[in-house]
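Visitor: What follows is protein-v8.tsv, TSV, C-alpha atoms and all ligand atoms.
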chain	number	residue	atom	x	y	z
A	36	MET	CA	-4.05	8.85	-41.14
A	37	SER	CA	-4.05	9.77	-37.45
A	38	THR	CA	-4.00	13.47	-36.64
A	39	VAL	CA	-2.56	12.91	-33.18
A	40	ARG	CA	0.66	14.89	-32.64
A	41	HIS	CA	3.35	13.79	-30.24
A	42	ASN	CA	5.65	16.77	-30.70
A	43	TRP	CA	3.74	19.58	-28.98
A	44	THR	CA	5.97	22.26	-27.46
A	45	LYS	CA	5.26	24.26	-24.32
A	46	GLU	CA	5.12	27.47	-26.36
A	47	GLU	CA	2.52	26.06	-28.75
A	48	ILE	CA	0.40	24.78	-25.85
A	49	LEU	CA	0.63	28.13	-24.03
A	50	GLU	CA	-0.49	29.90	-27.17
A	51	ILE	CA	-3.57	27.67	-27.31
A	52	TYR	CA	-4.29	28.06	-23.57
A	53	ASN	CA	-4.12	31.87	-23.84
A	54	LYS	CA	-6.27	32.30	-26.95
A	55	PRO	CA	-9.32	34.56	-26.78
A	56	PHE	CA	-11.85	32.49	-24.82
A	57	MET	CA	-14.38	32.10	-27.65
A	58	ASP	CA	-11.71	31.06	-30.16
A	59	LEU	CA	-10.37	28.49	-27.72
A	60	LEU	CA	-13.84	27.09	-27.05
A	61	TYR	CA	-14.67	26.90	-30.76
A	62	GLU	CA	-11.43	25.16	-31.66
A	63	ALA	CA	-11.70	22.66	-28.80
A	64	ALA	CA	-15.35	21.88	-29.60
A	65	SER	CA	-14.43	21.35	-33.26
A	66	VAL	CA	-11.63	18.91	-32.39
A	67	HIS	CA	-13.98	17.19	-29.95
A	68	ARG	CA	-16.66	16.65	-32.61
A	69	LEU	CA	-14.13	15.19	-35.05
A	70	HIS	CA	-13.13	12.46	-32.63
A	71	HIS	CA	-16.06	11.85	-30.26
A	72	ASP	CA	-19.83	11.87	-30.01
A	73	PRO	CA	-20.34	15.22	-28.22
A	74	ASN	CA	-23.48	14.01	-26.44
A	75	THR	CA	-21.93	10.94	-24.85
A	76	VAL	CA	-20.16	11.19	-21.51
A	77	GLN	CA	-18.49	8.31	-19.70
A	78	VAL	CA	-19.50	7.83	-16.07
A	79	SER	CA	-16.93	6.32	-13.75
A	80	THR	CA	-17.35	5.54	-10.04
A	81	LEU	CA	-14.53	5.89	-7.54
A	82	LEU	CA	-14.08	3.46	-4.71
A	83	SER	CA	-11.45	3.91	-2.02
A	84	ILE	CA	-10.54	0.29	-1.28
A	85	LYS	CA	-7.78	1.24	1.20
A	86	THR	CA	-7.96	4.65	2.80
A	87	GLY	CA	-5.40	6.83	4.59
A	88	GLY	CA	-2.10	6.09	6.30
A	89	CYS	CA	-0.06	6.64	3.14
A	90	PRO	CA	3.72	7.05	3.62
A	91	GLU	CA	4.05	9.62	0.81
A	92	ASP	CA	4.09	13.41	1.30
A	93	CYS	CA	1.98	14.61	-1.68
A	94	GLY	CA	1.10	18.16	-0.60
A	95	TYR	CA	-2.47	17.94	-1.89
A	96	CYS	CA	-3.45	14.64	-0.37
A	97	PRO	CA	-5.61	14.15	2.73
A	98	GLN	CA	-4.50	10.48	2.87
A	99	ALA	CA	-0.84	11.17	3.63
A	100	ALA	CA	-0.21	9.82	7.14
A	101	ARG	CA	2.10	12.70	8.04
A	102	TYR	CA	-0.58	15.41	7.84
A	103	HIS	CA	-3.41	15.98	10.27
A	104	THR	CA	-6.67	15.65	8.36
A	105	ASP	CA	-10.11	14.49	9.48
A	106	ILE	CA	-10.40	11.47	7.22
A	107	GLU	CA	-11.19	8.07	8.59
A	108	GLY	CA	-8.60	5.47	7.55
A	109	ASN	CA	-9.63	1.97	6.51
A	110	ASP	CA	-7.84	-1.30	5.80
A	111	LEU	CA	-8.29	-3.06	2.47
A	112	MET	CA	-11.96	-3.75	1.71
A	113	SER	CA	-13.18	-7.30	1.16
A	114	VAL	CA	-14.00	-8.61	-2.33
A	115	GLN	CA	-17.66	-8.95	-1.28
A	116	GLN	CA	-17.84	-5.30	-0.15
A	117	VAL	CA	-16.32	-4.19	-3.44
A	118	LYS	CA	-18.75	-6.33	-5.44
A	119	ALA	CA	-21.72	-4.80	-3.60
A	120	GLN	CA	-20.45	-1.27	-4.35
A	121	ALA	CA	-19.79	-2.12	-8.00
A	122	LEU	CA	-23.35	-3.44	-8.41
A	123	ARG	CA	-24.67	-0.20	-6.88
A	124	ALA	CA	-22.57	1.84	-9.28
A	125	LYS	CA	-23.76	-0.24	-12.25
A	126	SER	CA	-27.41	0.23	-11.34
A	127	SER	CA	-26.89	3.99	-11.15
A	128	GLY	CA	-25.62	4.09	-14.76
A	129	SER	CA	-21.86	3.91	-14.23
A	130	SER	CA	-19.80	1.90	-16.75
A	131	ARG	CA	-16.49	1.90	-14.87
A	132	VAL	CA	-15.29	1.34	-11.32
A	133	CYS	CA	-11.98	2.96	-10.35
A	134	MET	CA	-10.47	1.45	-7.21
A	135	GLY	CA	-7.98	3.63	-5.35
A	136	ALA	CA	-5.53	2.59	-2.65
A	137	ALA	CA	-3.44	4.90	-0.48
A	138	TRP	CA	-0.22	3.07	-1.31
A	139	ARG	CA	3.16	4.34	-2.51
A	140	ASN	CA	3.47	1.25	-4.67
A	141	VAL	CA	2.05	-2.22	-5.08
A	142	LYS	CA	3.67	-4.99	-3.06
A	143	ASP	CA	3.29	-8.64	-4.03
A	144	GLY	CA	1.43	-10.62	-1.37
A	145	PRO	CA	-2.05	-11.40	-0.04
A	146	GLU	CA	-3.33	-7.80	-0.33
A	147	PHE	CA	-2.38	-7.56	-4.00
A	148	ASP	CA	-3.91	-11.02	-4.58
A	149	GLN	CA	-7.12	-9.67	-3.03
A	150	VAL	CA	-7.07	-6.67	-5.38
A	151	LEU	CA	-6.59	-9.04	-8.34
A	152	GLU	CA	-9.70	-10.92	-7.21
A	153	MET	CA	-11.62	-7.61	-7.02
A	154	VAL	CA	-10.58	-6.93	-10.63
A	155	ARG	CA	-11.80	-10.36	-11.75
A	156	THR	CA	-15.08	-9.90	-9.88
A	157	ILE	CA	-15.90	-6.49	-11.39
A	158	ASN	CA	-14.87	-7.49	-14.91
A	159	LYS	CA	-17.32	-10.39	-14.63
A	160	LEU	CA	-20.06	-7.82	-13.90
A	161	ASP	CA	-19.31	-6.47	-17.40
A	162	MET	CA	-18.02	-3.16	-16.10
A	163	GLU	CA	-14.72	-1.54	-17.02
A	164	VAL	CA	-12.27	-1.89	-14.12
A	165	CYS	CA	-9.64	0.73	-13.31
A	166	CYS	CA	-7.11	0.70	-10.47
A	167	THR	CA	-4.93	3.40	-8.99
A	168	LEU	CA	-2.57	1.73	-6.53
A	169	GLY	CA	0.62	3.78	-6.85
A	170	MET	CA	3.75	2.61	-8.63
A	171	VAL	CA	3.71	-0.81	-10.31
A	172	THR	CA	6.32	-3.03	-11.95
A	173	GLU	CA	5.79	-4.58	-15.37
A	174	ASN	CA	5.09	-7.99	-13.79
A	175	GLN	CA	2.43	-6.49	-11.50
A	176	ALA	CA	0.87	-4.67	-14.44
A	177	GLN	CA	0.78	-7.98	-16.37
A	178	ARG	CA	-0.95	-9.68	-13.45
A	179	LEU	CA	-3.56	-6.90	-13.35
A	180	ALA	CA	-4.05	-7.23	-17.11
A	181	GLU	CA	-4.54	-10.98	-16.81
A	182	ALA	CA	-7.19	-10.47	-14.12
A	183	GLY	CA	-9.14	-8.30	-16.58
A	184	LEU	CA	-8.07	-4.75	-15.72
A	185	TYR	CA	-9.24	-2.23	-18.33
A	186	ALA	CA	-7.34	0.90	-17.19
A	187	TYR	CA	-4.62	1.95	-14.75
A	188	ASN	CA	-4.69	5.49	-13.35
A	189	HIS	CA	-1.36	7.09	-12.53
A	190	ASN	CA	-1.28	10.87	-12.72
A	191	LEU	CA	1.67	13.05	-13.65
A	192	ASP	CA	-0.12	15.66	-11.53
A	193	SER	CA	1.92	18.69	-12.73
A	194	SER	CA	4.93	19.69	-14.79
A	195	GLU	CA	8.23	17.99	-13.98
A	196	GLU	CA	9.47	21.31	-12.52
A	197	TYR	CA	6.47	21.93	-10.24
A	198	TYR	CA	6.25	18.27	-9.16
A	199	LYS	CA	9.32	18.92	-6.95
A	200	GLU	CA	7.42	21.68	-5.16
A	201	VAL	CA	4.59	19.36	-4.17
A	202	ILE	CA	6.10	15.92	-3.50
A	203	SER	CA	9.49	15.01	-2.05
A	204	THR	CA	9.13	11.26	-1.54
A	205	ARG	CA	9.27	10.24	-5.21
A	206	GLY	CA	10.25	11.73	-8.54
A	207	PHE	CA	8.43	12.58	-11.75
A	208	LYS	CA	10.50	9.93	-13.59
A	209	ASP	CA	9.04	7.22	-11.33
A	210	ARG	CA	5.59	8.23	-12.54
A	211	LEU	CA	6.69	7.93	-16.17
A	212	GLU	CA	8.23	4.54	-15.48
A	213	THR	CA	4.99	3.15	-14.05
A	214	ILE	CA	3.07	4.47	-17.05
A	215	ASP	CA	5.62	2.75	-19.26
A	216	ASN	CA	5.17	-0.52	-17.36
A	217	VAL	CA	1.40	-0.35	-17.84
A	218	ARG	CA	1.91	0.41	-21.54
A	219	LYS	CA	3.73	-2.90	-21.98
A	220	THR	CA	0.42	-4.68	-21.23
A	221	ASN	CA	-2.98	-4.38	-22.89
A	222	VAL	CA	-4.29	-2.25	-20.01
A	223	THR	CA	-5.19	1.30	-21.10
A	224	VAL	CA	-3.41	4.27	-19.52
A	225	CYS	CA	-5.28	6.91	-17.51
A	226	SER	CA	-3.07	9.84	-16.60
A	227	GLY	CA	-3.70	13.49	-15.88
A	228	GLY	CA	-3.20	15.97	-13.11
A	229	ILE	CA	-4.34	18.69	-10.75
A	230	ILE	CA	-4.67	22.41	-11.28
A	231	GLY	CA	-4.90	24.98	-8.49
A	232	MET	CA	-1.85	23.89	-6.49
A	233	GLY	CA	-0.10	27.25	-6.95
A	234	GLU	CA	1.48	26.27	-10.26
A	235	LYS	CA	1.99	28.71	-13.13
A	236	THR	CA	0.21	28.46	-16.47
A	237	GLU	CA	3.60	27.28	-17.82
A	238	ASP	CA	3.38	24.27	-15.50
A	239	ARG	CA	-0.08	23.38	-16.77
A	240	ALA	CA	1.33	23.55	-20.30
A	241	GLY	CA	4.39	21.55	-19.19
A	242	MET	CA	2.17	18.78	-17.86
A	243	LEU	CA	0.31	18.69	-21.17
A	244	VAL	CA	3.63	18.46	-23.05
A	245	ALA	CA	4.52	15.42	-20.92
A	246	LEU	CA	1.13	13.78	-21.52
A	247	SER	CA	0.85	14.58	-25.22
A	248	THR	CA	4.35	13.39	-26.07
A	249	LEU	CA	3.60	9.95	-24.64
A	250	ASP	CA	3.19	7.63	-27.61
A	251	PRO	CA	0.45	6.40	-27.59
A	252	GLN	CA	-1.20	9.20	-25.67
A	253	PRO	CA	-3.20	8.16	-22.55
A	254	GLU	CA	-6.64	6.76	-23.33
A	255	SER	CA	-8.03	8.91	-20.54
A	256	THR	CA	-6.91	12.05	-18.73
A	257	PRO	CA	-8.46	13.27	-15.48
A	258	ILE	CA	-8.32	17.01	-14.89
A	259	ASN	CA	-8.68	17.57	-11.15
A	260	ALA	CA	-9.24	20.96	-9.55
A	261	LEU	CA	-7.49	20.87	-6.18
A	262	VAL	CA	-9.78	20.07	-3.26
A	263	ALA	CA	-7.96	22.06	-0.57
A	264	VAL	CA	-8.29	19.88	2.52
A	265	ASP	CA	-7.61	21.28	6.04
A	266	GLY	CA	-4.40	19.92	7.47
A	267	THR	CA	-2.65	19.40	4.12
A	268	PRO	CA	0.15	21.75	3.04
A	269	LEU	CA	-2.12	23.11	0.30
A	270	GLU	CA	-5.06	23.85	2.64
A	271	ASP	CA	-4.97	27.61	1.91
A	272	GLN	CA	-5.02	27.45	-1.89
A	273	GLN	CA	-7.81	29.48	-3.48
A	274	PRO	CA	-10.38	27.51	-5.51
A	275	VAL	CA	-9.67	27.20	-9.24
A	276	SER	CA	-11.70	29.66	-11.30
A	277	ILE	CA	-14.12	28.14	-13.79
A	278	TRP	CA	-12.37	30.08	-16.57
A	279	ASP	CA	-9.09	28.33	-15.79
A	280	MET	CA	-10.87	24.99	-15.65
A	281	VAL	CA	-12.50	25.48	-19.05
A	282	ARG	CA	-9.20	26.68	-20.56
A	283	MET	CA	-7.41	23.62	-19.18
A	284	VAL	CA	-10.08	21.21	-20.44
A	285	ALA	CA	-10.16	22.86	-23.88
A	286	THR	CA	-6.37	22.84	-24.24
A	287	THR	CA	-6.23	19.21	-23.12
A	288	ARG	CA	-8.87	18.32	-25.71
A	289	ILE	CA	-6.87	19.99	-28.50
A	290	VAL	CA	-3.54	18.33	-27.70
A	291	LEU	CA	-5.05	14.94	-26.74
A	292	PRO	CA	-7.76	14.70	-29.41
A	293	GLU	CA	-8.64	11.01	-28.99
A	294	THR	CA	-8.39	10.85	-25.20
A	295	GLN	CA	-11.36	10.77	-22.84
A	296	VAL	CA	-10.97	13.93	-20.79
A	297	ARG	CA	-12.45	13.52	-17.31
A	298	LEU	CA	-13.85	16.21	-15.01
A	299	SER	CA	-12.53	14.83	-11.74
A	300	ALA	CA	-12.02	16.39	-8.31
A	301	GLY	CA	-13.51	19.84	-7.76
A	302	ARG	CA	-16.93	19.43	-9.41
A	303	THR	CA	-18.76	20.38	-6.20
A	304	GLN	CA	-17.37	23.90	-6.69
A	305	MET	CA	-18.65	24.08	-10.27
A	306	SER	CA	-22.11	25.21	-11.36
A	307	ARG	CA	-24.06	23.30	-14.00
A	308	GLU	CA	-23.36	26.12	-16.43
A	309	GLY	CA	-19.64	25.77	-15.71
A	310	GLN	CA	-19.73	22.02	-16.26
A	311	ALA	CA	-21.73	22.51	-19.46
A	312	MET	CA	-18.93	24.77	-20.77
A	313	CYS	CA	-16.43	22.03	-19.90
A	314	PHE	CA	-18.46	19.43	-21.81
A	315	PHE	CA	-18.68	21.80	-24.78
A	316	ALA	CA	-14.91	22.31	-24.59
A	317	GLY	CA	-14.32	18.57	-24.83
A	318	ALA	CA	-14.69	16.97	-21.41
A	319	ASN	CA	-16.40	13.62	-21.97
A	320	SER	CA	-16.13	11.78	-18.71
A	321	ILE	CA	-16.95	12.37	-15.04
A	322	PHE	CA	-16.40	10.72	-11.70
A	323	SER	CA	-19.83	10.06	-10.27
A	324	GLY	CA	-20.95	9.07	-6.78
A	325	ASP	CA	-21.38	11.23	-3.71
A	326	LYS	CA	-17.76	10.69	-2.67
A	327	LEU	CA	-14.48	10.87	-4.58
A	328	LEU	CA	-11.94	8.95	-2.48
A	329	THR	CA	-12.32	10.85	0.78
A	330	THR	CA	-13.93	14.18	-0.22
A	331	PRO	CA	-17.45	15.03	-1.41
A	332	ASN	CA	-18.64	14.86	-5.02
A	333	PRO	CA	-22.03	15.90	-6.47
A	334	ASP	CA	-25.01	13.65	-5.75
A	335	VAL	CA	-25.63	10.95	-8.42
A	336	ASN	CA	-29.24	12.04	-8.93
A	337	GLU	CA	-28.17	15.64	-9.48
A	338	ASP	CA	-25.68	14.46	-12.09
A	339	MET	CA	-28.35	12.46	-13.86
A	340	GLU	CA	-30.63	15.53	-13.85
A	341	MET	CA	-27.78	17.52	-15.37
A	342	PHE	CA	-27.33	14.85	-18.08
A	343	LYS	CA	-31.07	15.07	-18.84
A	344	LEU	CA	-30.99	18.85	-18.99
A	345	LEU	CA	-28.03	18.82	-21.38
A	346	GLY	CA	-29.21	15.82	-23.44
A	347	LEU	CA	-26.11	13.82	-22.50
A	348	ASN	CA	-26.06	10.01	-22.57
A	349	PRO	CA	-23.84	7.83	-20.38
A	350	GLN	CA	-21.31	5.88	-22.45
A	351	LYS	CA	-21.78	2.09	-22.55
A	352	PRO	CA	-18.92	-0.03	-21.19
A	353	PHE	CA	-16.31	-1.27	-23.68
A	354	THR	CA	-17.29	1.26	-26.36
A	355	LYS	CA	-13.66	2.24	-27.03
A	356	LYS	CA	-11.96	-1.13	-26.56
A	357	VAL	CA	-13.15	-4.72	-26.21
A	358	GLN	CA	-13.64	-6.24	-22.79
A	359	PRO	CA	-10.51	-8.02	-21.53
A	360	GLN	CA	-10.79	-11.73	-20.73
A	361	THR	CA	-10.39	-12.66	-17.08
A	362	VAL	CA	-7.88	-15.40	-16.32
A	363	GLU	CA	-8.57	-17.17	-13.02
A	364	ALA	CA	-5.86	-17.12	-10.33
A	365	SER	CA	-5.35	-20.91	-10.73
A	366	ASP	CA	-4.61	-20.50	-14.49
A	367	SER	CA	-2.27	-17.51	-14.14
A	368	GLN	CA	0.85	-17.40	-16.30
A	369	PHE	CA	2.51	-14.75	-14.17
A	370	GLU	CA	3.82	-15.60	-10.74
A	371	ALA	CA	4.51	-13.03	-8.04
A	372	LEU	CA	8.18	-12.09	-8.32
A	373	GLY	CA	8.44	-10.40	-4.94
A	374	GLU	CA	10.50	-7.65	-6.58
A	375	LYS	CA	11.77	-4.75	-4.53
A	376	PRO	CA	12.20	-2.08	-7.20
A	377	LYS	CA	14.40	0.89	-6.48
A	378	TRP	CA	11.85	3.64	-6.97
A	379	SER	CA	13.63	6.89	-6.25
A	380	ARG	CA	13.38	8.81	-2.96
A	381	PRO	CA	14.66	12.27	-3.83
A	382	GLU	CA	13.94	13.47	-0.25
A	383	HIS	CA	14.50	17.16	-0.99
A	384	LYS	CA	12.72	19.40	1.54
A	385	ILE	CA	9.51	21.24	0.73
A	386	GLU	CA	9.02	23.91	3.36
A	387	ARG	CA	5.22	23.94	3.44
A	388	ASN	CA	5.09	20.12	3.61
A	389	GLU	CA	7.49	20.21	6.56
A	390	GLU	CA	5.39	22.86	8.28
A	391	ALA	CA	2.21	20.80	7.86
A	392	LYS	CA	4.02	17.78	9.30
A	393	GLN	CA	5.21	19.75	12.35
A	394	LYS	CA	1.72	21.17	12.88
A	395	ALA	CA	0.26	17.66	12.80
A	396	LYS	CA	2.86	16.45	15.34
A	397	ALA	CA	1.98	19.29	17.69
A	398	LEU	CA	-1.71	18.35	17.50
A	399	LYS	CA	-1.09	14.71	18.44
J	1	LIG	N1	-1.75	6.44	-4.15
J	1	LIG	C1	-1.90	6.40	-5.54
J	1	LIG	C2	-1.14	7.49	-6.27
J	1	LIG	O1	-0.89	8.53	-5.67
J	1	LIG	O2	-0.83	7.28	-7.43
J	1	LIG	C3	-3.34	6.42	-6.00
J	1	LIG	C4	-4.36	7.29	-5.27
J	1	LIG	S1	-4.12	9.04	-5.40
J	1	LIG	C5	-5.26	9.64	-4.20
J	1	LIG	C6	-4.76	9.43	-7.00
J	1	LIG	C7	-4.77	10.84	-7.44
J	1	LIG	O3	-5.75	11.59	-6.75
J	1	LIG	C8	-3.53	11.68	-7.27
J	1	LIG	O4	-2.53	11.42	-8.21
J	1	LIG	C9	-4.09	13.09	-7.45
J	1	LIG	O5	-4.07	13.45	-8.81
J	1	LIG	C10	-5.54	12.94	-6.99
J	1	LIG	N2	-5.79	13.71	-5.76
J	1	LIG	C11	-5.46	13.37	-4.50
J	1	LIG	N3	-5.83	14.30	-3.62
J	1	LIG	C12	-6.40	15.29	-4.32
J	1	LIG	C13	-6.98	16.56	-3.97
J	1	LIG	N4	-7.01	16.98	-2.71
J	1	LIG	N5	-7.50	17.32	-4.94
J	1	LIG	C14	-7.45	16.89	-6.23
J	1	LIG	N6	-6.92	15.72	-6.62
J	1	LIG	C15	-6.39	14.93	-5.69
J	2	LIG	C1	-7.97	11.18	-10.29
J	2	LIG	O1	-7.31	11.81	-11.15
J	2	LIG	N1	-8.79	11.78	-9.41
J	2	LIG	C2	-9.39	10.80	-8.54
J	2	LIG	C3	-8.86	9.45	-9.13
J	2	LIG	N2	-7.98	9.88	-10.16
J	2	LIG	C4	-8.27	8.47	-8.26
J	2	LIG	C5	-9.10	11.03	-7.10
J	2	LIG	C6	-9.50	12.41	-6.62
J	2	LIG	C7	-9.25	12.47	-5.16
J	2	LIG	C8	-9.71	13.76	-4.54
J	2	LIG	C9	-9.42	13.83	-3.09
J	2	LIG	C10	-10.08	12.78	-2.27
J	2	LIG	O2	-11.31	12.56	-2.40
J	2	LIG	O3	-9.41	12.18	-1.42
J	3	LIG	FE1	-0.41	8.51	-1.03
J	3	LIG	FE2	-1.47	8.68	-3.47
J	3	LIG	FE3	-2.19	10.41	-1.51
J	3	LIG	FE4	0.24	10.59	-2.55
J	3	LIG	S1	-1.71	10.89	-3.64
J	3	LIG	S2	-0.26	10.63	-0.36
J	3	LIG	S3	0.71	8.44	-2.96
J	3	LIG	S4	-2.58	8.22	-1.55
Show me, as structure tokens, the structure contained in the file I just sent.

Guide:
Amino acid sequence: MSTVRHNWTKEEILEIYNKPFMDLLYEAASVHRLHHDPNTVQVSTLLSIKTGGCPEDCGYCPQAARYHTDIEGNDLMSVQQVKAQALRAKSSGSSRVCMGAAWRNVKDGPEFDQVLEMVRTINKLDMEVCCTLGMVTENQAQRLAEAGLYAYNHNLDSSEEYYKEVISTRGFKDRLETIDNVRKTNVTVCSGGIIGMGEKTEDRAGMLVALSTLDPQPESTPINALVAVDGTPLEDQQPVSIWDMVRMVATTRIVLPETQVRLSAGRTQMSREGQAMCFFAGANSIFSGDKLLTTPNPDVNEDMEMFKLLGLNPQKPFTKKVQPQTVEASDSQFEALGEKPKWSRPEHKIERNEEAKQKAKALK
């Protein structure tokens, strides 16, 4: 019988998060060992296939067009460019490629068709393919599934309450709806969030309530520590302490026992000792490659040295679920519907987001 619980309360999760550190670590490591090989860590490579110029106002994000950040924007990459990057990632020991686009949502048309071809191409390299393209409809999720997509990343990012303090251009419910649309296909769900945005411990627990009560729970959960980028509304946030990071990873492991918990943004601020504590507490995946989407990440060789030092082995692709079959575009059963879904635009004002926007205007 499965021991996965879908009825966690915020109080229960807070009690776990606030346990004496050693008790928390011991409990998380015990849960981890019941469900996973503790010496295997999945290695996933991020690829920003379309960078910058995003219409959304996510307070943490350097790719939002309205803020003034130093990133270089780029149009959608070609399938050939993506294939070359995927081959590089494969040869460096990565089993998954996660392609990110700075879009609010997917729109049917030539660009989405190009992304579908990227999915087919990488799946044929026998690597797991993940996409994070913003909100998707069920039909779009089915088309991604048919192309051979293994996972779709769509983060809840924080608690429902704190979400409103960070983003005004869409609502928390939209995020849940996209996750639901992905769930209707055989694509696995990757959903997690960010800590260090000024949220309270209650919000971290609230996010874990939202993730753990999903049934089934997400197959993977990235835990990002905010990378505070100059020009974004959250530029002045203090770095997350390693103790908070370990507590968050450990608590996530306990409430999402079967999920792959991924150390995501923020690893450049973490020592090897800190990361080792996270792996002990149940993290079993990393983003590798010297860049995340637009910000730095540890060097691949350094990561491999760390794996050697800790006796960790990279997970082979399709260990958790069989490889999806790729259906060619000409044999597709799902046509583009050209839907224009009414994703919400709450448009409430967030003072610090407005300030960052005004500052950017003044600099232009
Ligand atoms: N545009 C799509 C979306 O927002 O769903 C996909 C790309 S978006 C960059 C993917 C995720 O990256 C966000 O949900 C957030 O969790 C994470 N992220 C973005 N900027 C970050 C930052 N500065 N620090 C930590 N995580 C960040
Ligand atoms: C996730 O949870 N973290 C990744 C991935 N999913 C797409 C992105 C992190 C982005 C960090 C900021 C940047 O590099 O732009
Ligand atoms: Fe756009 Fe995604 Fe960045 Fe938000 S997180 S601004 S939706 S790229």

Visitor: Show me, as a tab-separated table, the residues of region 294-335 of chain A having an atom within 12 Å of region 344-347 of chain A, each with the closest atom pair and its distance in Å, using all atoms listed in the file.

Guide:
residue	atom	partner	partner_atom	distance
A:Arg307	CA	A:Leu345	CA	9.5
A:Glu308	CA	A:Leu345	CA	10.0
A:Gln310	CA	A:Leu345	CA	10.3
A:Ala311	CA	A:Leu345	CA	7.5
A:Met312	CA	A:Leu345	CA	10.9
A:Phe314	CA	A:Leu347	CA	9.5
A:Phe315	CA	A:Leu345	CA	10.4
A:Ala318	CA	A:Leu347	CA	11.9
A:Asn319	CA	A:Leu347	CA	9.7
A:Ser320	CA	A:Leu347	CA	10.9
A:Ile321	CA	A:Leu347	CA	11.9

Visitor: May I ask you to write as a ChimeraX atom specification all residues lying at most 7 Å from ligand LIG 2 (chain J), with all atoms listed in the file counted?

Guide: /A:81,96-98,133,135,167,188,190,227-228,257-259,262,299-300,326-331

Visitor: So that I have them on file, write out the residues from the current selection with C-alpha atoms, as a PDB file, keeping the file's coordinate frame.

Guide:
ATOM      1  CA  LEU A  81     -14.530   5.890  -7.540  1.00  0.00           C
ATOM      2  CA  CYS A  96      -3.450  14.640  -0.370  1.00  0.00           C
ATOM      3  CA  PRO A  97      -5.610  14.150   2.730  1.00  0.00           C
ATOM      4  CA  GLN A  98      -4.500  10.480   2.870  1.00  0.00           C
ATOM      5  CA  CYS A 133     -11.980   2.960 -10.350  1.00  0.00           C
ATOM      6  CA  GLY A 135      -7.980   3.630  -5.350  1.00  0.00           C
ATOM      7  CA  THR A 167      -4.930   3.400  -8.990  1.00  0.00           C
ATOM      8  CA  ASN A 188      -4.690   5.490 -13.350  1.00  0.00           C
ATOM      9  CA  ASN A 190      -1.280  10.870 -12.720  1.00  0.00           C
ATOM     10  CA  GLY A 227      -3.700  13.490 -15.880  1.00  0.00           C
ATOM     11  CA  GLY A 228      -3.200  15.970 -13.110  1.00  0.00           C
ATOM     12  CA  PRO A 257      -8.460  13.270 -15.480  1.00  0.00           C
ATOM     13  CA  ILE A 258      -8.320  17.010 -14.890  1.00  0.00           C
ATOM     14  CA  ASN A 259      -8.680  17.570 -11.150  1.00  0.00           C
ATOM     15  CA  VAL A 262      -9.780  20.070  -3.260  1.00  0.00           C
ATOM     16  CA  SER A 299     -12.530  14.830 -11.740  1.00  0.00           C
ATOM     17  CA  ALA A 300     -12.020  16.390  -8.310  1.00  0.00           C
ATOM     18  CA  LYS A 326     -17.760  10.690  -2.670  1.00  0.00           C
ATOM     19  CA  LEU A 327     -14.480  10.870  -4.580  1.00  0.00           C
ATOM     20  CA  LEU A 328     -11.940   8.950  -2.480  1.00  0.00           C
ATOM     21  CA  THR A 329     -12.320  10.850   0.780  1.00  0.00           C
ATOM     22  CA  THR A 330     -13.930  14.180  -0.220  1.00  0.00           C
ATOM     23  CA  PRO A 331     -17.450  15.030  -1.410  1.00  0.00           C
TER      24      PRO A 331
END

Visitor: Can you tell me which residues surround Gly128 (chain A) at a distance of at most 10 Å, considering only C-alpha atoms, apart from same-chain residues fewer than 5 positions away, and format the answer as a ChimeraX atom specification?

Guide: /A:77-80,123,323,335,339,348-351

Visitor: Which is closest to ligand LIG 3 (chain J) among A:His103, A:His70, A:Arg387, A:Arg205, if we use only C-alpha atoms and all ligand atoms?

Guide: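 Among the listed residues, the smallest separation from ligand LIG 3 (chain J) belongs to A:Arg205.
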
Visitor: Using atom O5 of ligand LIG 1 (chain J) and CA of Lys355 (chain A) as the two end points, give the distance in Å to one decimal.

Guide: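 Atom O5 of ligand LIG 1 (chain J) sits 23.4 Å away from CA of Lys355 (chain A).
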
Visitor: At what distance in Å, to one decimal, does CA of Trp138 (chain A) lie from CA of Met153 (chain A)?

Guide: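 It comes out at 16.6 Å.
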
Visitor: Grab the CA of Pro253 (chain A) to CA of Glu62 (chain A) distance for me, in Å with one decimal place.

Guide: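 Separating CA of Pro253 (chain A) from CA of Glu62 (chain A) is a distance of 21.0 Å.
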
Visitor: Return as JSON the box centre and box size in Å, one decimal, for an axis-aligned box around all listed atoms of region 93-101 of chain A padded by 5 Å per side.

Guide:
{"center_x": -1.8, "center_y": 14.0, "center_z": 3.1, "size_x": 17.7, "size_y": 18.3, "size_z": 19.9}
